[in-house]
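Below is coords-v5.cif, which holds mmCIF, C-alpha atoms.
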data_my_file
#
loop_
_atom_site.group_PDB
_atom_site.id
_atom_site.type_symbol
_atom_site.label_atom_id
_atom_site.label_comp_id
_atom_site.auth_asym_id
_atom_site.auth_seq_id
_atom_site.Cartn_x
_atom_site.Cartn_y
_atom_site.Cartn_z
ATOM 1 C CA MET A 26 -11.782 -73.659 38.284
ATOM 2 C CA ALA A 27 -12.408 -71.276 41.146
ATOM 3 C CA GLY A 28 -15.091 -68.650 41.497
ATOM 4 C CA THR A 29 -14.133 -65.512 39.618
ATOM 5 C CA ALA A 30 -12.116 -63.030 41.650
ATOM 6 C CA ARG A 31 -14.820 -60.373 41.392
ATOM 7 C CA HIS A 32 -17.614 -62.670 42.595
ATOM 8 C CA ASP A 33 -15.385 -63.970 45.372
ATOM 9 C CA TYR A 34 -14.578 -60.445 46.538
ATOM 10 C CA GLU A 35 -18.244 -59.382 46.485
ATOM 11 C CA MET A 36 -19.255 -62.485 48.450
ATOM 12 C CA GLN A 37 -16.548 -61.876 51.060
ATOM 13 C CA GLN A 38 -17.667 -58.277 51.542
ATOM 14 C CA LYS A 39 -21.350 -59.275 51.797
ATOM 15 C CA ALA A 40 -20.541 -61.999 54.355
ATOM 16 C CA LYS A 41 -18.581 -59.490 56.449
ATOM 17 C CA ARG A 42 -21.496 -57.021 56.339
ATOM 18 C CA ASP A 43 -24.048 -59.693 57.251
ATOM 19 C CA LEU A 44 -21.883 -60.863 60.157
ATOM 20 C CA LYS A 45 -22.370 -57.521 61.895
ATOM 21 C CA THR A 46 -26.102 -58.117 62.329
ATOM 22 C CA CYS A 47 -26.257 -61.932 62.433
ATOM 23 C CA LYS A 48 -27.340 -63.416 65.757
ATOM 24 C CA ASP A 49 -27.618 -67.125 64.868
ATOM 25 C CA PRO A 50 -24.369 -68.937 65.815
ATOM 26 C CA CYS A 51 -24.618 -71.479 62.962
ATOM 27 C CA GLU A 52 -25.188 -68.739 60.389
ATOM 28 C CA GLN A 53 -22.303 -66.749 61.923
ATOM 29 C CA LEU A 54 -20.046 -69.750 61.373
ATOM 30 C CA ARG A 55 -21.159 -70.060 57.741
ATOM 31 C CA LEU A 56 -20.637 -66.338 57.137
ATOM 32 C CA GLN A 57 -17.171 -66.439 58.704
ATOM 33 C CA CYS A 58 -16.256 -69.253 56.293
ATOM 34 C CA LEU A 59 -17.706 -67.365 53.303
ATOM 35 C CA SER A 60 -15.853 -64.195 54.319
ATOM 36 C CA ARG A 61 -12.673 -66.148 53.439
ATOM 37 C CA GLY A 62 -13.871 -66.749 49.892
ATOM 38 C CA SER A 63 -15.281 -69.665 47.939
ATOM 39 C CA SER A 64 -12.862 -72.173 49.501
ATOM 40 C CA GLY A 65 -13.662 -71.194 53.104
ATOM 41 C CA ILE A 66 -15.838 -74.213 53.933
ATOM 42 C CA LYS A 67 -13.402 -76.555 52.192
ATOM 43 C CA GLY A 68 -10.599 -75.135 54.346
ATOM 44 C CA LEU A 69 -12.514 -75.804 57.553
ATOM 45 C CA GLY A 70 -13.094 -79.379 56.394
ATOM 46 C CA ARG A 71 -9.350 -79.785 55.870
ATOM 47 C CA VAL A 72 -8.612 -78.594 59.445
ATOM 48 C CA PHE A 73 -11.122 -81.075 60.886
ATOM 49 C CA ARG A 74 -9.732 -83.957 58.834
ATOM 50 C CA ILE A 75 -6.185 -83.229 59.998
ATOM 51 C CA MET A 76 -7.442 -83.395 63.587
ATOM 52 C CA ASP A 77 -9.217 -86.712 63.023
ATOM 53 C CA ASP A 78 -6.292 -88.888 64.076
ATOM 54 C CA ASP A 79 -8.336 -92.061 64.598
ATOM 55 C CA ARG A 80 -10.217 -91.688 61.278
ATOM 56 C CA SER A 81 -13.521 -91.792 63.143
ATOM 57 C CA ARG A 82 -14.866 -88.881 61.037
ATOM 58 C CA SER A 83 -16.341 -87.411 64.190
ATOM 59 C CA LEU A 84 -15.382 -84.672 66.639
ATOM 60 C CA ASP A 85 -16.063 -84.198 70.334
ATOM 61 C CA PHE A 86 -16.707 -80.730 71.783
ATOM 62 C CA GLN A 87 -13.045 -79.999 72.630
ATOM 63 C CA GLU A 88 -11.891 -81.022 69.118
ATOM 64 C CA PHE A 89 -14.668 -78.938 67.565
ATOM 65 C CA LYS A 90 -13.695 -75.896 69.638
ATOM 66 C CA LYS A 91 -9.993 -76.350 68.821
ATOM 67 C CA GLY A 92 -10.719 -76.799 65.104
ATOM 68 C CA LEU A 93 -12.664 -73.528 64.945
ATOM 69 C CA ARG A 94 -9.877 -71.740 66.826
ATOM 70 C CA ASP A 95 -7.116 -73.240 64.645
ATOM 71 C CA TYR A 96 -8.938 -72.089 61.523
ATOM 72 C CA GLY A 97 -9.362 -68.599 63.001
ATOM 73 C CA LEU A 98 -13.161 -68.688 63.364
ATOM 74 C CA PHE A 99 -14.352 -66.803 66.407
ATOM 75 C CA LEU A 100 -17.537 -67.396 68.379
ATOM 76 C CA ASP A 101 -17.910 -66.770 72.088
ATOM 77 C CA PRO A 102 -17.950 -69.879 74.358
ATOM 78 C CA GLY A 103 -21.755 -69.918 74.641
ATOM 79 C CA GLU A 104 -22.161 -69.689 70.865
ATOM 80 C CA ILE A 105 -19.678 -72.517 70.268
ATOM 81 C CA GLU A 106 -21.604 -74.699 72.714
ATOM 82 C CA ALA A 107 -24.957 -73.805 71.113
ATOM 83 C CA THR A 108 -23.578 -74.561 67.638
ATOM 84 C CA PHE A 109 -22.152 -77.901 68.766
ATOM 85 C CA LYS A 110 -25.473 -78.897 70.388
ATOM 86 C CA HIS A 111 -27.321 -77.894 67.229
ATOM 87 C CA PHE A 112 -25.294 -80.422 65.226
ATOM 88 C CA ASP A 113 -25.125 -83.081 67.971
ATOM 89 C CA LYS A 114 -28.701 -84.147 67.287
ATOM 90 C CA ASP A 115 -28.566 -87.408 69.256
ATOM 91 C CA GLY A 116 -26.809 -85.881 72.296
ATOM 92 C CA SER A 117 -23.919 -88.360 71.977
ATOM 93 C CA GLY A 118 -21.275 -85.707 72.650
ATOM 94 C CA THR A 119 -19.806 -86.055 69.138
ATOM 95 C CA ILE A 120 -20.705 -84.701 65.714
ATOM 96 C CA ASP A 121 -20.115 -86.261 62.319
ATOM 97 C CA PHE A 122 -18.027 -83.652 60.536
ATOM 98 C CA ASP A 123 -19.121 -84.660 57.045
ATOM 99 C CA GLU A 124 -22.717 -84.050 58.121
ATOM 100 C CA PHE A 125 -21.632 -80.795 59.767
ATOM 101 C CA LEU A 126 -19.957 -79.532 56.578
ATOM 102 C CA ILE A 127 -22.997 -80.494 54.479
ATOM 103 C CA LYS A 128 -25.246 -78.417 56.762
ATOM 104 C CA LEU A 129 -22.764 -75.553 56.736
ATOM 105 C CA ARG A 130 -22.947 -75.281 52.935
ATOM 106 C CA PRO A 131 -24.944 -72.302 51.679
ATOM 107 C CA PRO A 132 -28.316 -73.375 50.252
ATOM 108 C CA MET A 133 -28.293 -74.251 46.540
ATOM 109 C CA SER A 134 -31.117 -74.612 44.053
ATOM 110 C CA LYS A 135 -31.908 -78.020 42.565
ATOM 111 C CA ALA A 136 -30.609 -76.832 39.164
ATOM 112 C CA ARG A 137 -27.213 -75.916 40.669
ATOM 113 C CA LYS A 138 -26.912 -79.240 42.471
ATOM 114 C CA GLU A 139 -27.724 -81.086 39.242
ATOM 115 C CA VAL A 140 -25.049 -79.300 37.203
ATOM 116 C CA ILE A 141 -22.433 -79.913 39.939
ATOM 117 C CA MET A 142 -23.395 -83.597 39.857
ATOM 118 C CA GLN A 143 -23.062 -83.662 36.058
ATOM 119 C CA ALA A 144 -19.561 -82.180 36.308
ATOM 120 C CA PHE A 145 -18.549 -84.717 38.964
ATOM 121 C CA ASN A 146 -19.894 -87.622 36.908
ATOM 122 C CA LYS A 147 -18.033 -86.424 33.820
ATOM 123 C CA LEU A 148 -14.737 -86.336 35.742
ATOM 124 C CA ASP A 149 -15.413 -89.664 37.479
ATOM 125 C CA LYS A 150 -14.736 -91.733 34.355
ATOM 126 C CA THR A 151 -14.578 -95.041 36.231
ATOM 127 C CA GLY A 152 -17.887 -94.440 38.031
ATOM 128 C CA ASP A 153 -16.519 -95.397 41.462
ATOM 129 C CA ASN A 154 -17.663 -92.131 43.124
ATOM 130 C CA VAL A 155 -14.150 -90.703 43.544
ATOM 131 C CA ILE A 156 -12.064 -88.628 41.128
ATOM 132 C CA THR A 157 -8.432 -89.727 40.735
ATOM 133 C CA ILE A 158 -5.512 -88.826 38.488
ATOM 134 C CA ALA A 159 -6.444 -91.822 36.308
ATOM 135 C CA ASP A 160 -9.947 -90.354 35.850
ATOM 136 C CA LEU A 161 -8.564 -86.989 34.781
ATOM 137 C CA LYS A 162 -6.488 -88.354 31.918
ATOM 138 C CA GLY A 163 -8.436 -87.739 28.757
ATOM 139 C CA VAL A 164 -10.912 -85.417 30.503
ATOM 140 C CA TYR A 165 -8.695 -82.588 31.748
ATOM 141 C CA ASN A 166 -6.118 -81.249 29.285
ATOM 142 C CA CYS A 167 -2.941 -80.210 31.078
ATOM 143 C CA LYS A 168 -0.989 -79.373 27.918
ATOM 144 C CA HIS A 169 -1.688 -75.637 28.278
ATOM 145 C CA HIS A 170 -0.648 -75.423 31.942
ATOM 146 C CA PRO A 171 2.324 -72.996 32.153
ATOM 147 C CA LYS A 172 4.420 -75.315 34.338
ATOM 148 C CA TYR A 173 3.808 -78.272 32.028
ATOM 149 C CA LYS A 174 4.743 -76.198 28.976
ATOM 150 C CA SER A 175 7.952 -75.028 30.667
ATOM 151 C CA GLY A 176 8.888 -78.618 31.583
ATOM 152 C CA GLU A 177 8.832 -77.791 35.300
ATOM 153 C CA TRP A 178 5.980 -80.215 36.054
ATOM 154 C CA THR A 179 5.028 -83.611 34.679
ATOM 155 C CA GLU A 180 1.482 -84.408 33.561
ATOM 156 C CA ASP A 181 0.816 -86.190 36.879
ATOM 157 C CA GLN A 182 2.026 -83.171 38.866
ATOM 158 C CA VAL A 183 -0.404 -80.916 36.994
ATOM 159 C CA PHE A 184 -3.251 -83.366 37.690
ATOM 160 C CA ARG A 185 -2.285 -83.562 41.367
ATOM 161 C CA GLN A 186 -2.281 -79.785 41.705
ATOM 162 C CA PHE A 187 -5.710 -79.703 40.039
ATOM 163 C CA LEU A 188 -7.087 -82.305 42.476
ATOM 164 C CA ASN A 189 -5.684 -80.318 45.413
ATOM 165 C CA SER A 190 -8.214 -77.569 44.636
ATOM 166 C CA PHE A 191 -10.923 -79.943 45.876
ATOM 167 C CA ASP A 192 -9.093 -82.542 47.993
ATOM 168 C CA GLU A 193 -9.598 -81.853 51.725
ATOM 169 C CA ASN A 194 -7.523 -84.664 53.232
ATOM 170 C CA ASP A 195 -4.596 -84.804 50.793
ATOM 171 C CA ASP A 196 -5.219 -88.438 49.829
ATOM 172 C CA GLY A 197 -4.999 -87.786 46.084
ATOM 173 C CA THR A 198 -8.684 -88.427 45.474
ATOM 174 C CA VAL A 199 -11.769 -86.196 45.431
ATOM 175 C CA THR A 200 -15.038 -87.495 46.841
ATOM 176 C CA HIS A 201 -18.515 -86.365 45.930
ATOM 177 C CA ASP A 202 -18.753 -84.409 49.220
ATOM 178 C CA GLU A 203 -15.390 -82.681 48.696
ATOM 179 C CA PHE A 204 -16.495 -81.620 45.201
ATOM 180 C CA TYR A 205 -19.795 -80.318 46.568
ATOM 181 C CA ASN A 206 -18.108 -78.463 49.450
ATOM 182 C CA TYR A 207 -15.883 -76.655 46.977
ATOM 183 C CA TYR A 208 -18.668 -75.685 44.603
ATOM 184 C CA SER A 209 -21.072 -74.650 47.367
ATOM 185 C CA GLY A 210 -18.562 -71.889 48.107
ATOM 186 C CA VAL A 211 -18.317 -70.919 44.435
ATOM 187 C CA SER A 212 -22.129 -71.021 44.211
ATOM 188 C CA ALA A 213 -22.475 -68.632 47.163
ATOM 189 C CA SER A 214 -20.399 -66.081 45.252
ATOM 190 C CA ILE A 215 -22.833 -66.055 42.287
ATOM 191 C CA ASP A 216 -26.417 -64.853 42.799
ATOM 192 C CA ASN A 217 -27.789 -65.761 39.386
ATOM 193 C CA ASP A 218 -28.670 -69.448 38.757
ATOM 194 C CA ALA A 219 -28.387 -69.130 34.983
ATOM 195 C CA TYR A 220 -24.912 -67.588 35.215
ATOM 196 C CA PHE A 221 -23.660 -70.290 37.614
ATOM 197 C CA ILE A 222 -24.997 -73.077 35.370
ATOM 198 C CA LEU A 223 -23.495 -71.455 32.245
ATOM 199 C CA MET A 224 -20.119 -71.120 33.999
ATOM 200 C CA MET A 225 -20.174 -74.796 35.006
ATOM 201 C CA ARG A 226 -21.211 -75.970 31.526
ATOM 202 C CA ASN A 227 -18.478 -73.906 29.885
ATOM 203 C CA ALA A 228 -15.822 -75.032 32.371
ATOM 204 C CA TRP A 229 -16.574 -78.751 32.087
ATOM 205 C CA LYS A 230 -18.036 -78.878 28.542
ATOM 206 C CA ILE A 231 -21.285 -80.432 29.742
#
Final structure tokens representation of the file:
Amino acid sequence: MAGTARHDYEMQQKAKRDLKTCKDPCEQLRLQCLSRGSSGIKGLGRVFRIMDDDRSRSLDFQEFKKGLRDYGLFLDPGEIEATFKHFDKDGSGTIDFDEFLIKLRPPMSKARKEVIMQAFNKLDKTGDNVITIADLKGVYNCKHHPKYKSGEWTEDQVFRQFLNSFDENDDGTVTHDEFYNYYSGVSASIDNDAYFILMMRNAWKI
């Protein structure tokens, strides 16, 4: 379930407007992600994970700079350096990109975080803190998916496509952070807490 097209469009336009007057490099980066829609932050996470060849889950300055460029996010050299230093709290010359993506998420109220957690827990039937195809069976009904009805896709293919909405590293599972990264983008597109919570409850029957 993505953010509605109308909310997504309004958020993109607002982010583009705010970018014109924003001076803070970190906020500029967040706004550039949001100007791509509710999946903008998730997309940046995917670029960084592809670059993480050694599975260290960290990036040095050159990797960080290349990742931003590859994703089409533009800051001037001084702003990139300032942003990197902001996240490199211990001065080690590397940043943990999971931590980076968490801080890049738009702020969310406690009520929104709780309903996202409830949705994740409902999908995570086995309680192992990751959502897999096995978890989805019995929770997500694929019978109405057009490609399943036409016989083009199997049940597992429908589930896999569903997981891909959230999955940043294409490993066939969705972690708590990946789920949060996705919904932080959707959340940013909806101003009203009550509406966001109602949408989540209706989508996941919670």
Work out how far atom CA of Lys114 of chain A is from atom CA of Arg80 of chain A, in Å to one decimal. 20.8 Å
Contacts between segment 72-75 of chain A and segment 80-140 of chain A, please, where a residue of segment 80-140 of chain A counts if it comes within 9 Å (with only C-alpha atoms); show its shortest atom pair and distance in Å to one decimal, rows by chain and ascending number, as a tab-separated table.
residue	atom	partner	partner_atom	distance
A:Arg80	CA	A:Arg74	CA	8.1
A:Arg82	CA	A:Arg74	CA	7.4
A:Ser83	CA	A:Phe73	CA	8.8
A:Leu84	CA	A:Phe73	CA	8.0
A:Glu88	CA	A:Phe73	CA	8.3
A:Phe89	CA	A:Phe73	CA	7.9
A:Gly92	CA	A:Phe73	CA	6.0
A:Leu93	CA	A:Val72	CA	8.5
A:Asp95	CA	A:Val72	CA	7.6
A:Tyr96	CA	A:Val72	CA	6.8
A:Phe122	CA	A:Phe73	CA	7.4
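Note that atom CA of Val211 of chain A and atom CA of Ser63 of chain A are 4.8 Å apart.
Restricting the calculation to only C-alpha atoms, the smallest distance between Phe86 of chain A and any of A:Phe145, A:Gly118, A:Arg71, A:Phe112 is found for A:Gly118.
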I need the output of the PyMOL selection byres ((chain A and resi 155) around 10) for this file as a PyMOL selection string; which residues are they? chain A and resi 145-146+148-154+156-157+160+197-204
Rank A:Cys58, A:Ala144, A:Val164, A:Val183 by their smallest atom-to-atom distance to Arg226 of chain A, using all atoms listed in the file, and report the top residue only.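 Between A:Cys58, A:Ala144, A:Val164, A:Val183, the residue approaching Arg226 of chain A most closely is A:Ala144.
Atom CA of Ser209 of chain A to atom CA of Pro131 of chain A spans 6.3 Å [interatomic distance, one decimal].
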Do you know which residues the PyMOL selection byres ((chain A and resi 44-57) around 12) returns on this file, as number ranges by chain? A: 36-43, 58-69, 93-94, 96-112, 125-132, 209-210, 213-214
